[in-house]
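A.B. asks: Got a structure for you, input_9.cif, holding mmCIF, C-alpha atoms and all ligand atoms.
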data_model
#
loop_
_atom_site.label_atom_id
_atom_site.label_comp_id
_atom_site.auth_asym_id
_atom_site.auth_seq_id
_atom_site.Cartn_x
_atom_site.Cartn_y
_atom_site.Cartn_z
CA MET A 1 -26.18 49.47 17.35
CA ASP A 2 -26.54 45.90 16.19
CA GLN A 3 -28.34 45.70 12.89
CA GLN A 4 -30.00 42.68 11.40
CA ILE A 5 -28.04 41.66 8.30
CA ILE A 6 -29.98 41.00 5.13
CA TYR A 7 -27.59 38.82 3.15
CA LEU A 8 -28.27 38.99 -0.59
CA ASP A 9 -24.91 37.89 -1.99
CA ASN A 10 -25.57 34.18 -2.21
CA ALA A 11 -23.93 33.85 -5.62
CA ALA A 12 -20.65 34.68 -3.86
CA THR A 13 -21.22 32.22 -1.07
CA THR A 14 -23.99 30.97 1.19
CA LYS A 15 -24.61 30.55 4.88
CA VAL A 16 -23.75 27.00 5.95
CA ASP A 17 -26.94 25.21 6.95
CA GLU A 18 -26.99 24.14 10.60
CA LYS A 19 -27.75 20.56 9.55
CA VAL A 20 -24.56 20.67 7.47
CA VAL A 21 -22.50 21.96 10.40
CA LYS A 22 -23.90 19.16 12.54
CA ALA A 23 -22.98 16.57 9.93
CA MET A 24 -19.42 17.91 9.75
CA LEU A 25 -18.64 18.26 13.45
CA PRO A 26 -17.86 14.61 14.32
CA TYR A 27 -15.17 14.51 11.63
CA PHE A 28 -13.15 17.26 13.30
CA SER A 29 -12.70 15.92 16.79
CA GLU A 30 -14.24 12.45 17.09
CA LYS A 31 -13.90 10.56 13.81
CA TYR A 32 -10.83 12.45 12.64
CA GLY A 33 -9.05 9.55 10.92
CA ASN A 34 -7.45 9.69 7.52
CA ALA A 35 -9.81 8.23 4.92
CA SER A 36 -6.86 6.36 3.35
CA SER A 37 -5.82 4.61 6.58
CA MET A 38 -6.46 0.88 6.75
CA HIS A 39 -7.45 0.78 10.43
CA ASN A 40 -11.01 1.06 11.68
CA PHE A 41 -10.59 4.68 12.62
CA GLY A 42 -9.67 5.47 9.03
CA ARG A 43 -12.60 3.39 7.86
CA LEU A 44 -15.04 5.69 9.69
CA ALA A 45 -13.71 8.62 7.69
CA ARG A 46 -13.80 6.60 4.46
CA GLU A 47 -17.46 5.75 5.11
CA ALA A 48 -18.31 9.46 5.36
CA VAL A 49 -16.49 10.19 2.08
CA ASP A 50 -18.18 7.29 0.30
CA ASN A 51 -21.58 8.23 1.65
CA SER A 52 -21.25 11.75 0.24
CA ARG A 53 -19.98 10.36 -3.04
CA LYS A 54 -23.12 8.24 -3.24
CA ILE A 55 -25.44 11.19 -2.52
CA ILE A 56 -23.73 13.44 -5.07
CA ALA A 57 -23.61 10.74 -7.75
CA LYS A 58 -27.33 10.11 -7.30
CA SER A 59 -28.15 13.81 -7.60
CA LEU A 60 -26.41 13.92 -11.01
CA ASN A 61 -27.70 10.52 -12.18
CA ALA A 62 -24.07 9.34 -12.23
CA ASN A 63 -22.14 6.41 -10.78
CA GLU A 64 -20.23 6.74 -7.52
CA GLU A 65 -16.87 5.98 -9.10
CA GLU A 66 -17.36 8.90 -11.49
CA ILE A 67 -17.26 11.50 -8.67
CA TYR A 68 -13.84 12.91 -7.69
CA PHE A 69 -13.59 15.23 -4.70
CA THR A 70 -11.52 18.39 -5.04
CA SER A 71 -10.93 21.62 -3.13
CA GLY A 72 -13.72 23.45 -4.98
CA GLY A 73 -14.97 24.80 -8.27
CA THR A 74 -11.68 26.43 -9.24
CA GLU A 75 -9.75 23.19 -8.88
CA SER A 76 -12.42 21.11 -10.63
CA ASN A 77 -12.45 23.47 -13.61
CA ASN A 78 -8.63 23.45 -13.79
CA LEU A 79 -8.55 19.67 -13.53
CA ALA A 80 -11.22 19.24 -16.21
CA LEU A 81 -9.54 21.35 -18.88
CA LYS A 82 -5.87 20.81 -18.08
CA GLY A 83 -6.41 17.10 -17.38
CA LEU A 84 -8.17 16.60 -20.73
CA PHE A 85 -5.64 18.66 -22.67
CA LEU A 86 -2.60 16.88 -21.23
CA ALA A 87 -4.07 13.40 -21.65
CA ASN A 88 -5.03 14.01 -25.29
CA LYS A 89 -2.09 16.12 -26.42
CA SER A 90 -0.47 13.43 -28.50
CA SER A 91 -3.70 12.79 -30.45
CA GLY A 92 -3.58 16.30 -31.93
CA LYS A 93 -6.92 17.22 -30.35
CA ASN A 94 -5.88 20.59 -29.02
CA HIS A 95 -8.95 22.73 -29.68
CA ILE A 96 -11.20 23.86 -26.81
CA ILE A 97 -14.49 25.72 -27.25
CA THR A 98 -15.76 27.91 -24.44
CA THR A 99 -17.65 31.20 -24.08
CA LYS A 100 -16.85 34.82 -23.33
CA ILE A 101 -18.92 34.72 -20.13
CA GLU A 102 -17.14 31.97 -18.21
CA HIS A 103 -15.93 32.30 -14.64
CA ASP A 104 -12.35 33.54 -14.44
CA CYS A 105 -11.07 30.13 -13.38
CA ILE A 106 -12.07 28.77 -16.80
CA LEU A 107 -10.87 31.82 -18.74
CA GLN A 108 -7.51 31.94 -16.94
CA THR A 109 -7.07 28.18 -17.41
CA CYS A 110 -7.72 28.66 -21.14
CA ARG A 111 -5.16 31.49 -21.30
CA TRP A 112 -2.62 29.18 -19.65
CA LEU A 113 -3.49 26.34 -22.02
CA GLU A 114 -3.03 28.65 -25.01
CA LYS A 115 0.57 29.07 -23.87
CA GLN A 116 0.89 25.27 -23.86
CA GLY A 117 -0.29 25.06 -27.48
CA ALA A 118 -4.06 24.80 -27.11
CA LYS A 119 -6.32 26.62 -29.57
CA ILE A 120 -9.28 28.20 -27.82
CA THR A 121 -12.49 29.50 -29.40
CA TYR A 122 -14.38 31.95 -27.17
CA ILE A 123 -18.00 31.90 -28.34
CA ASP A 124 -20.02 35.14 -28.26
CA VAL A 125 -23.33 35.33 -26.43
CA ASP A 126 -26.39 37.40 -27.31
CA LYS A 127 -27.59 40.43 -25.34
CA HIS A 128 -29.25 38.13 -22.77
CA GLY A 129 -26.08 36.12 -22.29
CA LEU A 130 -27.36 33.13 -24.25
CA VAL A 131 -25.11 30.91 -26.33
CA ASN A 132 -26.56 29.97 -29.70
CA PRO A 133 -26.01 26.19 -29.96
CA LEU A 134 -25.56 26.63 -33.71
CA ASP A 135 -22.40 28.63 -32.99
CA ILE A 136 -21.04 25.60 -31.13
CA THR A 137 -21.79 23.35 -34.09
CA LYS A 138 -20.02 25.77 -36.42
CA ALA A 139 -16.97 26.07 -34.17
CA ILE A 140 -16.35 22.32 -33.85
CA THR A 141 -13.43 21.08 -35.97
CA PRO A 142 -11.82 17.62 -36.28
CA ASN A 143 -9.32 18.80 -33.63
CA THR A 144 -11.93 19.85 -31.07
CA LEU A 145 -11.39 18.11 -27.75
CA VAL A 146 -13.99 19.62 -25.45
CA VAL A 147 -16.76 22.18 -25.24
CA SER A 148 -16.80 23.86 -21.82
CA ILE A 149 -19.82 25.97 -20.87
CA ILE A 150 -20.98 27.68 -17.69
CA GLN A 151 -24.49 26.35 -17.10
CA GLY A 152 -25.78 29.17 -14.88
CA ASN A 153 -23.84 32.40 -15.09
CA ASN A 154 -22.50 33.68 -11.76
CA GLU A 155 -23.06 37.35 -12.64
CA ILE A 156 -26.18 37.61 -14.77
CA GLY A 157 -27.80 34.26 -13.98
CA THR A 158 -28.38 33.23 -17.60
CA LEU A 159 -28.92 29.48 -17.99
CA GLN A 160 -27.66 27.79 -21.14
CA ASP A 161 -29.40 25.09 -23.13
CA THR A 162 -27.06 22.35 -21.94
CA ALA A 163 -29.32 19.57 -23.27
CA GLU A 164 -29.03 20.89 -26.83
CA ILE A 165 -25.29 21.59 -26.57
CA GLY A 166 -24.80 18.11 -25.09
CA ARG A 167 -26.66 16.60 -28.02
CA ILE A 168 -24.39 18.45 -30.47
CA CYS A 169 -21.21 17.40 -28.64
CA LYS A 170 -22.29 13.78 -28.53
CA SER A 171 -23.13 13.74 -32.24
CA LYS A 172 -19.72 15.23 -33.07
CA GLY A 173 -17.75 13.00 -30.68
CA VAL A 174 -16.53 15.93 -28.58
CA TYR A 175 -16.33 15.94 -24.77
CA PHE A 176 -18.81 18.24 -23.00
CA HIS A 177 -17.92 19.90 -19.68
CA ILE A 178 -20.19 22.20 -17.71
CA ASP A 179 -19.32 24.52 -14.85
CA ALA A 180 -22.36 24.02 -12.65
CA CYS A 181 -21.15 25.81 -9.51
CA GLN A 182 -24.11 28.21 -9.58
CA SER A 183 -26.71 25.85 -10.97
CA PHE A 184 -26.07 22.65 -9.00
CA THR A 185 -29.24 21.70 -7.04
CA LYS A 186 -30.97 24.77 -8.52
CA SER A 187 -31.34 23.68 -12.15
CA PHE A 188 -31.84 20.36 -13.86
CA ILE A 189 -28.61 18.40 -14.25
CA ASP A 190 -28.64 14.81 -15.49
CA VAL A 191 -25.41 13.52 -16.97
CA GLU A 192 -27.28 10.98 -19.11
CA LYS A 193 -30.15 13.10 -20.37
CA GLN A 194 -27.85 16.06 -21.10
CA ASN A 195 -24.89 14.03 -22.42
CA LEU A 196 -22.49 15.56 -19.92
CA ASP A 197 -18.96 14.12 -19.78
CA LEU A 198 -17.59 16.34 -17.00
CA VAL A 199 -19.39 18.48 -14.42
CA THR A 200 -17.86 20.94 -11.96
CA ILE A 201 -19.70 21.50 -8.67
CA ASN A 202 -18.87 22.93 -5.26
CA ALA A 203 -20.35 23.03 -1.78
CA HIS A 204 -20.22 26.64 -0.66
CA LYS A 205 -22.87 27.84 -3.12
CA ILE A 206 -25.40 25.37 -1.73
CA HIS A 207 -25.15 26.01 2.03
CA GLY A 208 -22.17 23.71 2.39
CA PRO A 209 -18.62 24.52 3.51
CA LYS A 210 -16.00 26.41 1.52
CA GLY A 211 -12.96 24.63 0.11
CA VAL A 212 -14.66 21.49 -1.14
CA GLY A 213 -16.01 20.55 -4.54
CA ALA A 214 -16.15 17.70 -6.98
CA LEU A 215 -15.63 16.86 -10.61
CA TYR A 216 -17.89 14.33 -12.29
CA VAL A 217 -15.96 12.50 -15.00
CA ARG A 218 -17.84 10.01 -17.18
CA LYS A 219 -16.28 6.55 -17.17
CA GLY A 220 -13.99 6.17 -20.19
CA VAL A 221 -13.14 9.87 -20.59
CA ASN A 222 -9.42 10.22 -21.31
CA ILE A 223 -8.19 12.54 -18.56
CA GLN A 224 -5.05 12.68 -16.42
CA ALA A 225 -4.14 14.07 -13.02
CA ILE A 226 -2.61 17.53 -12.84
CA GLN A 227 -0.99 17.09 -9.46
CA ASN A 228 1.21 14.25 -8.28
CA GLY A 229 0.94 12.50 -4.97
CA GLY A 230 -0.43 9.48 -3.17
CA GLY A 231 -3.00 8.55 -5.80
CA HIS A 232 -6.16 9.48 -3.89
CA GLU A 233 -9.50 9.68 -5.68
CA HIS A 234 -8.65 6.81 -8.02
CA GLY A 235 -5.41 8.53 -8.94
CA LEU A 236 -7.06 11.62 -10.44
CA ARG A 237 -6.73 13.94 -7.46
CA SER A 238 -4.01 13.21 -4.95
CA GLY A 239 -4.19 14.78 -1.52
CA THR A 240 -5.72 13.70 1.80
CA GLU A 241 -9.49 14.04 1.53
CA ASN A 242 -11.14 16.91 3.41
CA VAL A 243 -13.39 14.55 5.34
CA PRO A 244 -15.46 17.10 7.33
CA GLY A 245 -15.88 19.20 4.18
CA ILE A 246 -16.93 16.23 2.11
CA ALA A 247 -19.36 15.07 4.82
CA GLY A 248 -20.84 18.59 4.80
CA PHE A 249 -21.02 18.66 1.00
CA GLY A 250 -22.99 15.41 0.97
CA LYS A 251 -25.39 16.71 3.61
CA ALA A 252 -25.90 19.98 1.72
CA VAL A 253 -26.88 18.02 -1.40
CA GLU A 254 -29.09 15.66 0.59
CA ILE A 255 -31.13 18.49 2.12
CA ALA A 256 -31.34 20.62 -1.04
CA ASP A 257 -35.07 20.80 -1.56
CA LYS A 258 -36.56 21.37 -5.01
CA LYS A 259 -39.73 22.75 -3.42
CA GLN A 260 -37.78 25.74 -2.07
CA LEU A 261 -36.71 26.75 -5.57
CA LYS A 262 -40.20 27.89 -6.59
CA ASN A 263 -40.31 30.11 -3.54
CA ILE A 264 -36.93 31.66 -4.31
CA GLU A 265 -37.99 32.20 -7.91
CA LYS A 266 -41.22 33.92 -6.82
CA LEU A 267 -39.26 36.28 -4.56
CA ARG A 268 -36.78 36.93 -7.39
CA ASP A 269 -39.57 37.91 -9.79
CA TYR A 270 -41.28 40.08 -7.18
CA LEU A 271 -37.97 41.86 -6.58
CA ILE A 272 -37.24 42.33 -10.30
CA LYS A 273 -40.72 43.68 -10.94
CA ASN A 274 -40.40 46.24 -8.17
CA ILE A 275 -36.85 47.35 -8.97
CA LEU A 276 -37.80 47.90 -12.59
CA LYS A 277 -40.39 50.42 -11.40
CA ILE A 278 -37.43 52.68 -10.63
CA PRO A 279 -36.87 54.73 -13.76
CA ARG A 280 -33.95 54.00 -16.09
CA THR A 281 -33.14 50.61 -14.76
CA ARG A 282 -32.56 47.49 -16.82
CA LEU A 283 -32.39 43.83 -16.03
CA ASN A 284 -29.16 42.18 -17.18
CA GLY A 285 -29.36 38.57 -18.30
CA ALA A 286 -32.24 36.52 -19.62
CA SER A 287 -35.66 36.89 -18.04
CA LYS A 288 -36.82 33.32 -18.61
CA GLU A 289 -33.67 31.21 -18.81
CA ARG A 290 -32.39 32.44 -15.48
CA LEU A 291 -31.09 31.03 -12.21
CA CYS A 292 -33.91 31.13 -9.67
CA ASN A 293 -31.89 33.29 -7.26
CA ASN A 294 -30.20 35.87 -9.50
CA VAL A 295 -31.09 39.53 -10.06
CA ASN A 296 -28.66 41.81 -11.91
CA ILE A 297 -29.71 45.40 -12.59
CA SER A 298 -28.09 48.48 -14.10
CA PHE A 299 -29.17 51.88 -12.76
CA ARG A 300 -28.35 54.52 -15.32
CA ASP A 301 -26.09 57.43 -14.25
CA ILE A 302 -24.98 56.03 -10.89
CA GLU A 303 -22.31 53.71 -9.62
CA GLY A 304 -23.26 50.23 -8.46
CA GLU A 305 -20.55 50.55 -5.79
CA ALA A 306 -22.31 53.59 -4.35
CA ILE A 307 -25.66 51.80 -4.29
CA ALA A 308 -24.10 48.76 -2.60
CA SER A 309 -22.42 50.86 0.05
CA HIS A 310 -25.62 52.81 0.79
CA LEU A 311 -27.53 49.54 1.04
CA GLU A 312 -24.93 48.28 3.48
CA ASN A 313 -25.81 51.20 5.77
CA TYR A 314 -29.24 49.56 6.01
CA GLY A 315 -27.64 46.18 6.68
CA ILE A 316 -28.37 44.93 3.16
CA ILE A 317 -25.49 43.08 1.50
CA VAL A 318 -25.39 42.91 -2.30
CA SER A 319 -22.55 42.71 -4.78
CA THR A 320 -21.33 44.78 -7.69
CA GLY A 321 -19.83 41.89 -9.60
CA SER A 322 -18.52 38.43 -9.21
CA ALA A 323 -17.04 38.29 -5.71
CA CYS A 324 -14.39 35.85 -6.85
CA ALA A 325 -13.02 38.45 -9.28
CA SER A 326 -13.96 41.72 -7.64
CA HIS A 327 -10.60 42.08 -5.89
CA THR A 328 -9.01 42.49 -9.31
CA LEU A 329 -11.07 45.68 -9.87
CA LYS A 330 -11.45 44.83 -13.52
CA LYS A 331 -14.70 45.58 -15.27
CA SER A 332 -17.03 42.64 -15.68
CA HIS A 333 -16.22 40.71 -18.86
CA VAL A 334 -19.69 39.18 -18.65
CA LEU A 335 -21.55 42.49 -18.75
CA ARG A 336 -19.24 43.61 -21.53
CA ALA A 337 -19.97 40.43 -23.51
CA ILE A 338 -23.72 41.15 -23.41
CA GLY A 339 -23.08 44.61 -24.83
CA LEU A 340 -23.01 46.99 -21.87
CA ASN A 341 -20.75 50.03 -22.07
CA ASP A 342 -18.41 51.08 -19.22
CA LEU A 343 -20.98 53.31 -17.55
CA GLU A 344 -23.66 50.65 -17.65
CA ILE A 345 -21.23 48.05 -16.30
CA ASN A 346 -20.27 50.33 -13.42
CA SER A 347 -23.90 51.04 -12.68
CA SER A 348 -24.91 47.45 -12.05
CA ILE A 349 -25.50 45.47 -8.90
CA ARG A 350 -26.09 41.77 -8.37
CA ILE A 351 -28.62 40.65 -5.79
CA SER A 352 -28.65 36.91 -5.14
CA LEU A 353 -31.19 35.14 -2.97
CA SER A 354 -31.18 31.87 -1.07
CA LYS A 355 -33.60 29.55 0.70
CA PHE A 356 -33.09 31.72 3.80
CA THR A 357 -34.24 34.93 2.06
CA THR A 358 -37.62 36.18 3.30
CA LYS A 359 -40.29 38.38 1.75
CA LYS A 360 -39.81 40.81 4.63
CA GLU A 361 -36.15 41.20 3.68
CA ILE A 362 -37.00 41.76 0.02
CA ASP A 363 -39.67 44.29 1.03
CA LYS A 364 -37.10 46.25 3.01
CA LEU A 365 -34.82 46.36 -0.02
CA ILE A 366 -37.70 47.49 -2.23
CA ARG A 367 -38.53 50.18 0.33
CA VAL A 368 -35.06 51.71 0.66
CA LEU A 369 -33.70 51.34 -2.87
CA PRO A 370 -35.70 54.05 -4.72
CA SER A 371 -34.62 56.82 -2.40
CA ILE A 372 -30.97 55.67 -2.50
CA VAL A 373 -31.10 55.74 -6.29
CA ASN A 374 -32.84 59.08 -6.30
CA THR A 375 -30.30 60.64 -3.93
CA LEU A 376 -27.36 59.27 -5.89
CA ARG A 377 -28.82 60.45 -9.18
CA THR A 378 -29.32 63.92 -7.82
CA MET A 379 -25.62 63.95 -6.89
CA SER A 380 -24.48 62.10 -10.02
CA PRO A 381 -21.66 63.89 -11.83
CA VAL A 382 -22.57 62.04 -15.03
CA ALA A 383 -26.13 63.31 -15.00
CA ASN A 384 -25.12 66.78 -13.83
CA ASN A 385 -22.28 67.29 -16.32
CA GLN A 386 -24.52 66.40 -19.15
CA ILE A 387 -27.26 68.68 -17.93
CA ASN A 388 -24.98 71.68 -17.36
CA ARG A 389 -23.44 71.47 -20.78
CA LYS A 390 -26.77 71.34 -22.51
CA GLY A 391 -28.15 74.50 -20.89
CA GLY A 392 -31.81 75.38 -20.55
CA LYS A 393 -33.47 72.50 -22.34
CA MET A 394 -31.38 69.89 -20.56
CA THR A 395 -31.95 71.56 -17.20
CA LYS A 396 -35.61 70.98 -17.79
CA ILE A 397 -34.88 67.33 -18.61
CA LYS A 398 -32.74 66.95 -15.51
CA ASP A 399 -35.50 68.34 -13.34
CA LYS A 400 -37.89 65.94 -14.97
CA PHE A 401 -35.52 62.99 -14.49
CA THR A 402 -35.00 63.81 -10.83
CA GLU A 403 -38.69 64.22 -10.22
CA PHE A 404 -39.34 61.01 -12.14
CA ALA A 405 -36.69 59.07 -10.18
CA GLY A 406 -38.52 59.77 -6.94
CA SER A 407 -42.02 59.26 -8.24
CA PHE A 408 -42.46 55.56 -9.13
CA LYS A 409 -44.00 56.59 -12.46
CA ASN A 410 -43.61 54.16 -15.27
CA GLU A 411 -41.66 55.00 -18.42
CA GLY A 412 -44.88 55.58 -20.42
CA GLU A 413 -46.10 58.23 -18.02
CA PHE A 414 -42.69 59.87 -18.01
CA GLU A 415 -42.62 60.00 -21.79
CA GLU A 416 -46.06 61.59 -21.87
CA GLU A 417 -44.89 64.27 -19.50
CA LEU A 418 -41.84 65.01 -21.63
CA GLU A 419 -44.08 65.36 -24.64
CA GLU A 420 -46.34 67.76 -22.78
CA GLU A 421 -43.24 69.85 -22.08
CA GLY A 422 -42.49 69.93 -25.82
CA LEU A 423 -39.59 67.45 -25.54
CA ASP A 424 -39.18 64.41 -27.75
CA PRO A 425 -38.62 61.38 -25.45
CA GLU A 426 -36.66 59.51 -28.11
CA GLU A 427 -34.35 62.48 -28.68
CA VAL A 428 -33.86 62.81 -24.94
CA GLU A 429 -32.97 59.13 -24.63
CA ASN A 430 -30.58 59.31 -27.59
CA LYS A 431 -28.83 62.38 -26.23
CA HIS A 432 -28.51 60.66 -22.93
CA PHE A 433 -26.90 57.61 -24.54
CA GLU A 434 -24.58 59.73 -26.71
CA GLU A 435 -23.35 61.54 -23.63
CA GLU A 436 -22.77 58.27 -21.78
CA ASN A 437 -20.76 56.80 -24.60
C1 LIG A 501 -19.53 29.63 -11.92
C2 LIG A 501 -18.42 29.45 -10.94
N1 LIG A 501 -17.39 28.64 -11.24
C3 LIG A 501 -16.37 28.45 -10.42
C4 LIG A 501 -16.33 29.07 -9.19
C5 LIG A 501 -15.15 28.83 -8.28
O1 LIG A 501 -15.54 27.99 -7.23
P1 LIG A 501 -14.71 27.93 -5.85
O2 LIG A 501 -15.03 29.19 -5.13
O3 LIG A 501 -15.29 26.72 -5.16
O4 LIG A 501 -13.30 27.75 -6.20
C6 LIG A 501 -17.36 29.93 -8.83
C7 LIG A 501 -17.31 30.65 -7.55
O5 LIG A 501 -17.62 31.76 -7.43
C8 LIG A 501 -18.44 30.13 -9.73
O6 LIG A 501 -19.45 30.94 -9.44
#
Would you write out, as structure tokens, the structure that this file holds?
Ligand SMILES: Cc1ncc(COP(=O)(O)O)c(C=O)c1O
C.D. replies:
Amino acid sequence: MDQQIIYLDNAATTKVDEKVVKAMLPYFSEKYGNASSMHNFGRLAREAVDNSRKIIAKSLNANEEEIYFTSGGTESNNLALKGLFLANKSSGKNHIITTKIEHDCILQTCRWLEKQGAKITYIDVDKHGLVNPLDITKAITPNTLVVSIIQGNNEIGTLQDTAEIGRICKSKGVYFHIDACQSFTKSFIDVEKQNLDLVTINAHKIHGPKGVGALYVRKGVNIQAIQNGGGHEHGLRSGTENVPGIAGFGKAVEIADKKQLKNIEKLRDYLIKNILKIPRTRLNGASKERLCNNVNISFRDIEGEAIASHLENYGIIVSTGSACASHTLKKSHVLRAIGLNDLEINSSIRISLSKFTTKKEIDKLIRVLPSIVNTLRTMSPVANNQINRKGGKMTKIKDKFTEFAGSFKNEGEFEEELEEEGLDPEEVENKHFEEEN
């Protein structure tokens, strides 16, 4: 039976908007020239590339010649850090500051750069995933080349104070790069107001095509190409431009509508509020400084994978981690950095909304999730092992937990009930945590 899909994994990628598809189509089979060709046919392709460059530059408050098209966020992040490091190697500026919650393409680039002689400082974040700008100030040394920060985290949605970090970098004469793949068109980005020197963006997170992105590089920044070729993109990124992709990227930026963001945010908050009614759940990431479309929740005692696969039976698609890294099966370094233990990491799911998400879809998720959680908790080996070992008293607690999980009671009511049964809620919670750890 065909089932309507409810797609809630928009942090991994988004549906391409039909207007974007329409804007791309002519560049496949009608105006398919090479943007570097001198003839008129090539000029048509060049016009499309330049038009998108103009749209993207405007959206960042940048100049057209500061936008370099790439194959996506991964390439832009590689180009930013490797290009800066190689160009400035002889000056002795070999220190890079980043955070422990970056996307893997930044972290892996940093690991590679360490092998080339770079010194990397990985800044800690607090339990909400926030960087303390003071820690950046403290980490800057005379050899610091660049501070590279993810603006909106792809897993937990936490948004960093890029204006403040930009101010610090400018005052210390250090380049400032942000990875804005998740936040572009969703959060405020202004290269002047935030003192940004380099910005990574891509198209497939904003209803554009996959395989196309851009790097903003402020005029005067000392950076060099990391691949050799025909000198495209003012010599910084050789390779024939992906004209349909770039045309689609420009269109996706052009139609990104700020008014839709409020709507997405309202749905996000409605969803968070209702999921947190399920007992023993916690929101990961900051509640205020948060991407408008991100929800990340841990459900104690059960596996996020199991929840995701049960939801899929209802046609609801969510994720258990960053899709870009999930094939590696490694535990989320982001959830670890905000202090979650292995069990809590495994028990989390990420739900990410888009402009196409409807209230009806969210209501369906809210309807089916409590019983999925309840069923899984009843079967949970973690919960059951702990209960069996503790004997009579814990059996009572287990019964209470199970009953509670299906009841929509709030934590206060649950605690009262435990007290009535002669159980100390704090002791119960502590025991539960001890067992988990
Ligand atoms: C924050 C962030 N940076 C970089 C990337 C990589 O972008 P791309 O998929 O375009 O290579 C992603 C994609 O998931 C991302 O979320």
A.B. asks: Neighbours of ligand LIG 501 (chain A) within 9 Å, counting all atoms listed in the file, as a PDB file with C-alpha atoms, keeping the file's coordinate frame?
C.D. replies:
ATOM      1  CA  ALA A  11     -23.930  33.850  -5.620  1.00  0.00           C
ATOM      2  CA  ALA A  12     -20.650  34.680  -3.860  1.00  0.00           C
ATOM      3  CA  THR A  13     -21.220  32.220  -1.070  1.00  0.00           C
ATOM      4  CA  SER A  71     -10.930  21.620  -3.130  1.00  0.00           C
ATOM      5  CA  GLY A  72     -13.720  23.450  -4.980  1.00  0.00           C
ATOM      6  CA  GLY A  73     -14.970  24.800  -8.270  1.00  0.00           C
ATOM      7  CA  THR A  74     -11.680  26.430  -9.240  1.00  0.00           C
ATOM      8  CA  GLU A  75      -9.750  23.190  -8.880  1.00  0.00           C
ATOM      9  CA  SER A  76     -12.420  21.110 -10.630  1.00  0.00           C
ATOM     10  CA  ASN A  77     -12.450  23.470 -13.610  1.00  0.00           C
ATOM     11  CA  GLU A 102     -17.140  31.970 -18.210  1.00  0.00           C
ATOM     12  CA  HIS A 103     -15.930  32.300 -14.640  1.00  0.00           C
ATOM     13  CA  ASP A 104     -12.350  33.540 -14.440  1.00  0.00           C
ATOM     14  CA  CYS A 105     -11.070  30.130 -13.380  1.00  0.00           C
ATOM     15  CA  ILE A 106     -12.070  28.770 -16.800  1.00  0.00           C
ATOM     16  CA  ILE A 150     -20.980  27.680 -17.690  1.00  0.00           C
ATOM     17  CA  GLN A 151     -24.490  26.350 -17.100  1.00  0.00           C
ATOM     18  CA  GLY A 152     -25.780  29.170 -14.880  1.00  0.00           C
ATOM     19  CA  ASN A 153     -23.840  32.400 -15.090  1.00  0.00           C
ATOM     20  CA  ASN A 154     -22.500  33.680 -11.760  1.00  0.00           C
ATOM     21  CA  GLU A 155     -23.060  37.350 -12.640  1.00  0.00           C
ATOM     22  CA  ASP A 179     -19.320  24.520 -14.850  1.00  0.00           C
ATOM     23  CA  ALA A 180     -22.360  24.020 -12.650  1.00  0.00           C
ATOM     24  CA  CYS A 181     -21.150  25.810  -9.510  1.00  0.00           C
ATOM     25  CA  GLN A 182     -24.110  28.210  -9.580  1.00  0.00           C
ATOM     26  CA  SER A 183     -26.710  25.850 -10.970  1.00  0.00           C
ATOM     27  CA  THR A 200     -17.860  20.940 -11.960  1.00  0.00           C
ATOM     28  CA  ILE A 201     -19.700  21.500  -8.670  1.00  0.00           C
ATOM     29  CA  ASN A 202     -18.870  22.930  -5.260  1.00  0.00           C
ATOM     30  CA  ALA A 203     -20.350  23.030  -1.780  1.00  0.00           C
ATOM     31  CA  HIS A 204     -20.220  26.640  -0.660  1.00  0.00           C
ATOM     32  CA  LYS A 205     -22.870  27.840  -3.120  1.00  0.00           C
ATOM     33  CA  LYS A 210     -16.000  26.410   1.520  1.00  0.00           C
ATOM     34  CA  GLY A 211     -12.960  24.630   0.110  1.00  0.00           C
ATOM     35  CA  VAL A 212     -14.660  21.490  -1.140  1.00  0.00           C
ATOM     36  CA  GLY A 213     -16.010  20.550  -4.540  1.00  0.00           C
ATOM     37  CA  SER A 322     -18.520  38.430  -9.210  1.00  0.00           C
ATOM     38  CA  ALA A 323     -17.040  38.290  -5.710  1.00  0.00           C
ATOM     39  CA  CYS A 324     -14.390  35.850  -6.850  1.00  0.00           C
ATOM     40  CA  ALA A 325     -13.020  38.450  -9.280  1.00  0.00           C
TER      41      ALA A 325
END
A.B. asks: Within 8 Å of Val146 in chain A, counting all atoms listed in the file, which residues show up once you throw out same-chain ones fewer than 2 positions away? Write them as a VMD selection string, please.
C.D. replies: chain A and resid 95 to 97 144 148 174 to 177
A.B. asks: Put those residues in a file: C-alpha atoms, as an mmCIF file, in the frame of the given file.
C.D. replies:
data_model
loop_
_atom_site.group_PDB
_atom_site.id
_atom_site.type_symbol
_atom_site.label_atom_id
_atom_site.label_comp_id
_atom_site.auth_asym_id
_atom_site.auth_seq_id
_atom_site.Cartn_x
_atom_site.Cartn_y
_atom_site.Cartn_z
ATOM 1 C CA HIS A 95 -8.950 22.730 -29.680
ATOM 2 C CA ILE A 96 -11.200 23.860 -26.810
ATOM 3 C CA ILE A 97 -14.490 25.720 -27.250
ATOM 4 C CA THR A 144 -11.930 19.850 -31.070
ATOM 5 C CA SER A 148 -16.800 23.860 -21.820
ATOM 6 C CA VAL A 174 -16.530 15.930 -28.580
ATOM 7 C CA TYR A 175 -16.330 15.940 -24.770
ATOM 8 C CA PHE A 176 -18.810 18.240 -23.000
ATOM 9 C CA HIS A 177 -17.920 19.900 -19.680
#
A.B. asks: Just the residues within 12 Å of Lys193 in chain A, please, counting all atoms listed in the file, with nothing from its chain fewer than 6 positions along; format it as a list in words.
C.D. replies: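 Residues meeting the cut-off are Leu60, Asn61, Ala62, Thr162, Ala163, Glu164, Ile165, Gly166, Arg167 and Lys170 of chain A.
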